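Asks: Got a structure for you, target34.txt, holding compact mmCIF, C-alpha atoms.
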```txt
# COMPACT_ATOMS: atom_id res chain seq x y z
CA MET A 878 -34.56 -3.78 10.85
CA THR A 879 -32.45 -5.46 13.54
CA ARG A 880 -30.48 -3.44 16.06
CA ILE A 881 -26.96 -2.40 15.11
CA VAL A 882 -24.26 -4.69 16.51
CA TRP A 883 -20.83 -3.24 17.29
CA ASP A 884 -17.52 -5.13 17.21
CA ALA A 885 -18.89 -8.26 15.56
CA PRO A 886 -15.91 -10.61 14.86
CA ASP A 887 -16.59 -10.72 11.12
CA ALA A 888 -16.61 -6.91 10.96
CA ARG A 889 -13.18 -6.33 12.49
CA VAL A 890 -11.26 -6.94 9.28
CA TYR A 891 -7.85 -5.47 8.56
CA GLU A 892 -5.26 -5.55 5.79
CA THR A 893 -1.57 -6.17 6.42
CA GLY A 894 1.60 -7.25 4.71
CA ILE A 895 2.61 -7.66 1.11
CA ASP A 896 3.77 -10.73 -0.80
CA ARG A 897 3.78 -12.46 -4.19
CA GLY A 898 5.18 -9.54 -6.15
CA VAL A 899 5.37 -10.25 -9.89
CA LEU A 900 6.92 -8.07 -12.61
CA TYR A 901 5.33 -8.10 -16.09
CA LEU A 902 7.29 -6.59 -18.97
CA ASN A 903 5.76 -5.42 -22.24
CA ASP A 904 7.54 -8.18 -24.19
CA GLY A 905 5.68 -10.85 -22.22
CA THR A 906 8.45 -11.56 -19.70
CA VAL A 907 7.07 -12.55 -16.28
CA VAL A 908 9.37 -12.83 -13.26
CA PRO A 909 8.83 -12.94 -9.48
CA TRP A 910 9.85 -9.94 -7.37
CA SER A 911 11.13 -11.49 -4.15
CA GLY A 912 12.68 -8.36 -2.59
CA LEU A 913 9.53 -6.21 -2.58
CA THR A 914 8.99 -4.53 0.80
CA SER A 915 6.14 -2.07 0.28
CA VAL A 916 3.84 -0.41 -2.22
CA GLU A 917 2.30 2.91 -1.18
CA GLU A 918 -0.88 3.80 -3.02
CA ASP A 919 -2.12 7.35 -3.44
CA SER A 920 -4.63 9.25 -5.54
CA ASP A 921 -4.48 13.00 -6.00
CA ILE A 922 -8.18 13.75 -5.51
CA GLU A 923 -8.89 17.41 -6.22
CA VAL A 924 -11.36 19.39 -4.11
CA LYS A 925 -13.22 22.07 -6.05
CA GLU A 926 -15.16 24.76 -4.19
CA PHE A 927 -17.70 27.19 -5.63
CA HIS A 928 -18.68 30.46 -3.96
CA LEU A 929 -21.52 32.90 -4.51
CA ASP A 930 -21.48 36.31 -2.85
CA GLY A 931 -18.63 35.17 -0.63
CA VAL A 932 -20.48 32.06 0.60
CA LYS A 933 -19.50 28.53 -0.36
CA TYR A 934 -22.52 26.83 -1.88
CA LEU A 935 -20.98 23.77 -3.57
CA GLN A 936 -18.04 21.44 -3.08
CA THR A 937 -17.12 18.57 -5.37
CA LEU A 938 -14.40 15.94 -5.34
CA VAL A 939 -12.72 15.26 -8.67
CA PRO A 940 -11.14 11.78 -8.91
CA GLY A 941 -7.40 11.88 -9.40
CA ASP A 942 -4.94 9.59 -11.12
CA PHE A 943 -2.91 6.86 -9.48
CA SER A 944 0.42 7.68 -7.92
CA GLY A 945 2.44 5.74 -5.43
CA LYS A 946 5.76 4.61 -4.05
CA LEU A 947 7.51 1.28 -4.54
CA LYS A 948 10.21 0.06 -2.14
CA ALA A 949 12.44 -3.00 -2.27
CA TYR A 950 15.72 -4.30 -0.87
CA THR A 951 16.41 -6.00 -4.18
CA TYR A 952 14.73 -6.34 -7.54
CA PRO A 953 14.83 -8.70 -10.54
CA ASP A 954 17.55 -8.14 -13.14
CA GLU A 955 14.77 -7.72 -15.70
CA PHE A 956 13.68 -4.53 -13.92
CA ASP A 957 16.85 -2.77 -15.03
CA GLU A 958 15.55 -2.14 -18.53
CA VAL A 959 12.43 -0.34 -17.26
CA ASN A 960 14.60 1.47 -14.74
CA GLY A 961 16.78 2.98 -17.46
CA ILE A 962 19.76 0.65 -17.11
CA ALA A 963 20.96 -1.12 -20.26
CA HIS A 964 22.97 -4.35 -20.14
CA VAL A 965 25.60 -4.09 -22.85
CA ALA A 966 25.70 -7.19 -25.07
CA PRO A 967 26.82 -9.76 -24.27
CA GLU A 968 25.16 -9.44 -20.87
CA SER A 969 27.57 -11.91 -19.29
CA ASP A 970 30.33 -9.29 -19.54
CA GLY A 971 28.73 -7.31 -16.69
CA LEU A 972 28.87 -3.88 -18.35
CA ASP A 973 25.84 -1.61 -17.75
CA TYR A 974 24.93 1.82 -19.15
CA TYR A 975 22.83 4.08 -16.92
CA ASN A 976 20.44 6.95 -17.73
CA GLN A 977 18.84 5.18 -20.68
CA ALA A 978 15.21 5.61 -21.75
CA PRO A 979 12.87 4.04 -19.14
CA LYS A 980 10.02 1.75 -20.14
CA SER A 981 6.57 1.07 -18.76
CA PHE A 982 5.73 -2.19 -16.98
CA SER A 983 2.99 -3.83 -14.95
CA LEU A 984 3.07 -5.23 -11.43
CA SER A 985 0.94 -7.52 -9.28
CA TYR A 986 1.18 -8.14 -5.54
CA ARG A 987 -0.97 -9.39 -2.67
CA THR A 988 -2.08 -7.73 0.54
CA LEU A 989 -3.25 -10.06 3.30
CA ILE A 990 -6.65 -9.74 4.98
CA GLY A 991 -7.02 -10.67 8.65
CA ASP A 992 -9.77 -10.95 11.24
CA PRO A 993 -9.94 -11.89 14.96
CA ILE A 994 -10.86 -15.50 14.19
CA LYS A 995 -8.66 -16.59 11.27
CA GLY A 996 -5.86 -14.06 11.67
CA VAL A 997 -4.07 -13.26 8.40
CA GLU A 998 -5.48 -16.46 6.87
CA ALA A 999 -8.88 -14.79 6.40
CA GLY A 1000 -8.11 -13.90 2.79
CA TYR A 1001 -6.13 -11.63 0.51
CA LYS A 1002 -6.41 -9.10 -2.28
CA ILE A 1003 -4.46 -9.39 -5.49
CA HIS A 1004 -3.58 -5.90 -6.73
CA ILE A 1005 -2.63 -5.28 -10.36
CA LEU A 1006 -1.01 -2.06 -11.61
CA TYR A 1007 -1.03 -1.68 -15.39
CA ASN A 1008 1.22 0.43 -17.62
CA ILE A 1009 3.19 2.21 -14.90
CA PHE A 1010 6.51 4.04 -14.88
CA ALA A 1011 9.00 4.01 -12.00
CA ASN A 1012 11.07 7.11 -11.29
CA PRO A 1013 13.97 6.09 -9.01
CA ASP A 1014 14.51 8.12 -5.86
CA SER A 1015 18.00 9.09 -4.75
CA TYR A 1016 19.83 6.69 -2.48
CA THR A 1017 23.13 6.74 -0.63
CA TYR A 1018 25.79 4.10 -0.14
CA THR A 1019 27.48 4.43 3.26
CA THR A 1020 30.47 2.81 4.90
CA LEU A 1021 30.07 -0.41 6.86
CA LYS A 1022 29.52 -0.14 10.61
CA ASP A 1023 30.68 -2.30 13.50
CA SER A 1024 27.12 -3.54 13.90
CA GLY A 1025 27.27 -5.16 10.47
CA ALA A 1026 26.02 -4.52 6.97
CA GLU A 1027 22.78 -2.61 6.49
CA PRO A 1028 21.09 -3.30 3.14
CA THR A 1029 20.15 -0.33 0.99
CA GLU A 1030 16.43 0.01 0.42
CA PHE A 1031 15.63 1.17 -3.10
CA SER A 1032 12.52 3.23 -3.81
CA TRP A 1033 10.70 4.54 -6.86
CA SER A 1034 7.87 7.00 -7.39
CA LEU A 1035 5.10 5.42 -9.46
CA SER A 1036 2.82 6.98 -12.05
CA GLY A 1037 1.19 5.77 -15.23
CA ILE A 1038 -1.49 6.00 -17.87
CA PRO A 1039 -4.65 3.84 -17.77
CA PRO A 1040 -4.34 1.20 -20.51
CA GLY A 1041 -7.75 1.90 -22.03
CA LYS A 1042 -11.40 2.77 -21.56
CA ILE A 1043 -13.63 0.76 -19.22
CA GLN A 1044 -17.27 0.62 -20.18
CA GLY A 1045 -19.37 2.37 -17.55
CA PHE A 1046 -16.41 3.37 -15.38
CA ARG A 1047 -13.63 5.92 -15.27
CA PRO A 1048 -10.34 4.62 -16.76
CA THR A 1049 -7.92 3.25 -14.17
CA LEU A 1050 -4.62 1.42 -14.03
CA HIS A 1051 -5.22 -0.14 -10.58
CA ILE A 1052 -7.59 -3.06 -9.90
CA SER A 1053 -7.83 -5.61 -7.08
CA ILE A 1054 -9.28 -9.10 -6.71
CA ASP A 1055 -10.72 -10.10 -3.31
CA SER A 1056 -10.25 -13.81 -2.55
CA ARG A 1057 -13.13 -13.78 -0.02
CA LYS A 1058 -15.72 -12.76 -2.59
CA THR A 1059 -14.42 -14.18 -5.87
CA PRO A 1060 -15.80 -17.63 -6.87
CA SER A 1061 -13.12 -20.25 -6.28
CA ALA A 1062 -12.94 -21.39 -9.91
CA ILE A 1063 -12.56 -17.82 -11.17
CA LEU A 1064 -9.91 -17.06 -8.53
CA ARG A 1065 -7.98 -20.20 -9.44
CA LEU A 1066 -8.12 -19.31 -13.13
CA LEU A 1067 -6.90 -15.76 -12.49
CA GLU A 1068 -4.03 -17.00 -10.33
CA ASP A 1069 -3.06 -19.52 -13.00
CA MET A 1070 -2.91 -16.65 -15.49
CA LEU A 1071 -0.87 -14.40 -13.18
CA TYR A 1072 1.48 -17.00 -11.65
CA GLY A 1073 1.22 -20.01 -13.94
CA PRO A 1074 -0.58 -23.26 -13.02
CA LYS A 1075 0.84 -25.52 -10.31
CA SER A 1076 1.16 -28.26 -12.91
CA GLY A 1077 1.49 -28.04 -16.68
CA THR A 1078 3.46 -25.96 -19.14
CA VAL A 1079 1.24 -22.89 -19.55
CA THR A 1080 3.27 -19.67 -19.39
CA PRO A 1081 1.97 -17.06 -16.90
CA HIS A 1082 0.77 -13.80 -18.41
CA LEU A 1083 -1.01 -10.62 -17.38
CA PRO A 1084 -4.71 -10.56 -18.33
CA THR A 1085 -6.10 -7.22 -19.43
CA ILE A 1086 -8.64 -5.37 -17.29
CA GLN A 1087 -11.30 -6.30 -19.85
CA GLU A 1088 -10.38 -10.00 -19.64
CA VAL A 1089 -10.62 -9.93 -15.84
CA ALA A 1090 -14.02 -8.19 -16.00
CA GLU A 1091 -15.33 -10.70 -18.51
CA LEU A 1092 -14.50 -13.59 -16.18
CA TYR A 1093 -16.63 -12.02 -13.46
CA GLY A 1094 -19.42 -11.48 -15.98
CA TYR A 1095 -19.49 -15.22 -16.62
CA VAL A 1096 -20.08 -16.30 -13.01
CA GLY A 1097 -22.52 -19.20 -13.12
CA ALA A 1098 -21.74 -19.94 -16.76
CA LEU A 1099 -19.40 -22.25 -18.60
CA VAL A 1100 -16.07 -20.44 -19.10
CA ILE A 1101 -13.71 -21.57 -21.86
CA VAL A 1102 -10.13 -20.29 -21.65
CA ASP A 1103 -7.71 -20.72 -24.56
CA HIS A 1104 -4.15 -21.05 -23.22
CA GLY A 1105 -2.63 -21.29 -26.70
CA SER A 1106 -0.52 -24.13 -28.12
CA GLY A 1107 -3.63 -26.30 -28.33
CA LEU A 1108 -4.32 -26.17 -24.58
CA TRP A 1109 -7.63 -24.96 -23.13
CA SER A 1110 -9.60 -25.11 -19.90
CA ALA A 1111 -13.32 -25.38 -19.16
CA ILE A 1112 -14.53 -23.86 -15.86
CA ASP A 1113 -17.94 -24.94 -14.56
CA GLU A 1114 -18.46 -22.86 -11.41
CA SER A 1115 -22.17 -23.76 -11.19
CA ASP A 1116 -21.48 -27.50 -11.68
CA THR A 1117 -24.19 -27.79 -14.34
CA TYR A 1118 -22.30 -28.10 -17.63
CA ILE A 1119 -19.50 -30.64 -17.18
CA THR A 1120 -20.06 -34.32 -16.28
CA MET A 1121 -17.21 -36.74 -15.71
CA VAL A 1122 -17.94 -40.02 -17.52
CA ASP A 1123 -14.88 -41.68 -16.00
CA SER A 1124 -11.52 -40.56 -14.59
CA THR A 1125 -10.26 -39.38 -18.00
CA THR A 1126 -13.43 -38.67 -20.02
CA PHE A 1127 -15.95 -35.87 -19.63
CA GLU A 1128 -19.01 -34.48 -21.35
CA ILE A 1129 -19.98 -30.82 -21.72
CA ASP A 1130 -23.69 -30.07 -22.07
CA ASN A 1131 -25.42 -26.93 -23.36
CA VAL A 1132 -22.17 -25.58 -24.76
CA ASP A 1133 -21.97 -22.77 -27.29
CA GLY A 1134 -20.25 -24.76 -30.02
CA VAL A 1135 -19.86 -24.81 -33.78
CA TYR A 1136 -18.75 -27.83 -35.84
CA LEU A 1137 -15.99 -26.86 -38.25
CA ASN A 1138 -16.03 -30.32 -39.84
CA PRO A 1139 -17.30 -33.78 -38.75
CA THR A 1140 -14.38 -34.22 -36.31
CA THR A 1141 -13.47 -30.64 -35.35
CA TYR A 1142 -15.46 -28.07 -33.44
CA SER A 1143 -15.00 -24.78 -31.60
CA ILE A 1144 -16.58 -23.91 -28.25
CA SER A 1145 -16.92 -20.63 -26.40
CA SER A 1146 -18.02 -19.34 -23.01
CA THR A 1147 -21.74 -19.22 -22.26
CA ASN A 1148 -22.84 -15.91 -20.80
CA THR A 1149 -25.85 -16.49 -18.61
CA GLY A 1150 -26.42 -12.78 -18.09
CA VAL A 1151 -25.89 -13.19 -14.35
```
Step by step, read the file and then write its structure as structure tokens.

Replies:
Amino acid sequence: MTRIVWDAPDARVYETGIDRGVLYLNDGTVVPWSGLTSVEEDSDIEVKEFHLDGVKYLQTLVPGDFSGKLKAYTYPDEFDEVNGIAHVAPESDGLDYYNQAPKSFSLSYRTLIGDPIKGVEAGYKIHILYNIFANPDSYTYTTLKDSGAEPTEFSWSLSGIPPGKIQGFRPTLHISIDSRKTPSAILRLLEDMLYGPKSGTVTPHLPTIQEVAELYGYVGALVIVDHGSGLWSAIDESDTYITMVDSTTFEIDNVDGVYLNPTTYSISSTNTGV
């Protein structure tokens, strides 16, 4: 074993900032959240202590559930419906009803990763919160001052219910994706799902936790993604399945495929077990 090295440049990593907030509604609506200022993450871990004859002999930590705080100077109009504000039809009339039933939603955002060499360009983490509720905190409108207008910062307390079971793990509603460790093709595919591709007409959507996990399970394999409307993608992270014959024609070898008729076939991802 080599001697321990302190303060190595690649070990002095830090996280800072927040950007690329995206709101996902249950009806499939996806909109950017440009006014997001902070997301505070918390987990109410419970400490249990056991005593025998007045002496503590065991202490355990019981994992808690996600809770947090969301802050923003502004928010998308679409957030009103999950915030308990109803736009009276027709919406163009500008009449809103408050104190309506809130709805759950999902949220993604990035935190930047920095180091002494690359600064905040070292990488980032994409955080996804599933099936959360936002309880608005109280806020106050005050008179204008000589120094100018001061924007009101809105805030909400966050809580939620994990969307489902996760095989081998405790249910959670919070996951993150580290750009430094995720294969580039998988990261690009996930970002295309979350934000929409840079070119094309595929609508962005929120993948489930299971769908995200399956993509990582197929690292080194051929990954087929059905975008709907007849569009699909083939991801060859290991560069062993897809061969470009010319600029517009390609071949896929060793695919898991089934001919439906002489001119139609279906293909699926190939799990290498890696």

Asks: With all atoms listed in the file as the basis for distance, which of A:Val1135, A:Met1121, A:Leu1050, A:Ala888 is at the shortest distance from Leu1006 in chain A?

Replies: A:Leu1050

Asks: Skipping near chain neighbours, those fewer than 3 positions away, what residues fall within 8 Å of Gly961 in chain A using all atoms listed in the file, listed as an mmCIF file with C-alpha atoms, in the coordinates of the input?

Replies:
```
data_model
loop_
_atom_site.group_PDB
_atom_site.id
_atom_site.type_symbol
_atom_site.label_atom_id
_atom_site.label_comp_id
_atom_site.auth_asym_id
_atom_site.auth_seq_id
_atom_site.Cartn_x
_atom_site.Cartn_y
_atom_site.Cartn_z
ATOM 1 C CA ASP A 957 16.850 -2.770 -15.030
ATOM 2 C CA GLU A 958 15.550 -2.140 -18.530
ATOM 3 C CA TYR A 975 22.830 4.080 -16.920
ATOM 4 C CA ASN A 976 20.440 6.950 -17.730
ATOM 5 C CA GLN A 977 18.840 5.180 -20.680
ATOM 6 C CA ALA A 978 15.210 5.610 -21.750
ATOM 7 C CA PRO A 979 12.870 4.040 -19.140
ATOM 8 C CA LYS A 980 10.020 1.750 -20.140
#
```

Asks: Just how far from CA of Pro1039 in chain A is CA of Asp1055 in chain A, in Å to one decimal?

Replies: 21.0 Å

Asks: Could you give me, as a ChimeraX atom specification, the residues that have an atom at most 12 Å away from the point (1.0, -17.5, -14.2) in the coordinates of the file, using all atoms listed in the file?

Replies: /A:897,899-901,905-909,985,1065-1084,1104

Asks: Report, in Å with one decimal, the straight-line distance from CA of Thr914 in chain A to CA of Ser1024 in chain A.

Replies: 22.4 Å

Asks: Counting only C-alpha atoms, which residues come within 10 Å of (-3.4, 0.1, -17.7), with the point read in the file's coordinates, and could you list them as a ChimeraX atom specification?

Replies: /A:982-983,1005-1009,1037-1042,1048-1052,1085-1086

Asks: For CA of Lys946 in chain A and CA of Val997 in chain A, determine how far apart the two atoms are, in Å to one decimal place.

Replies: 23.9 Å
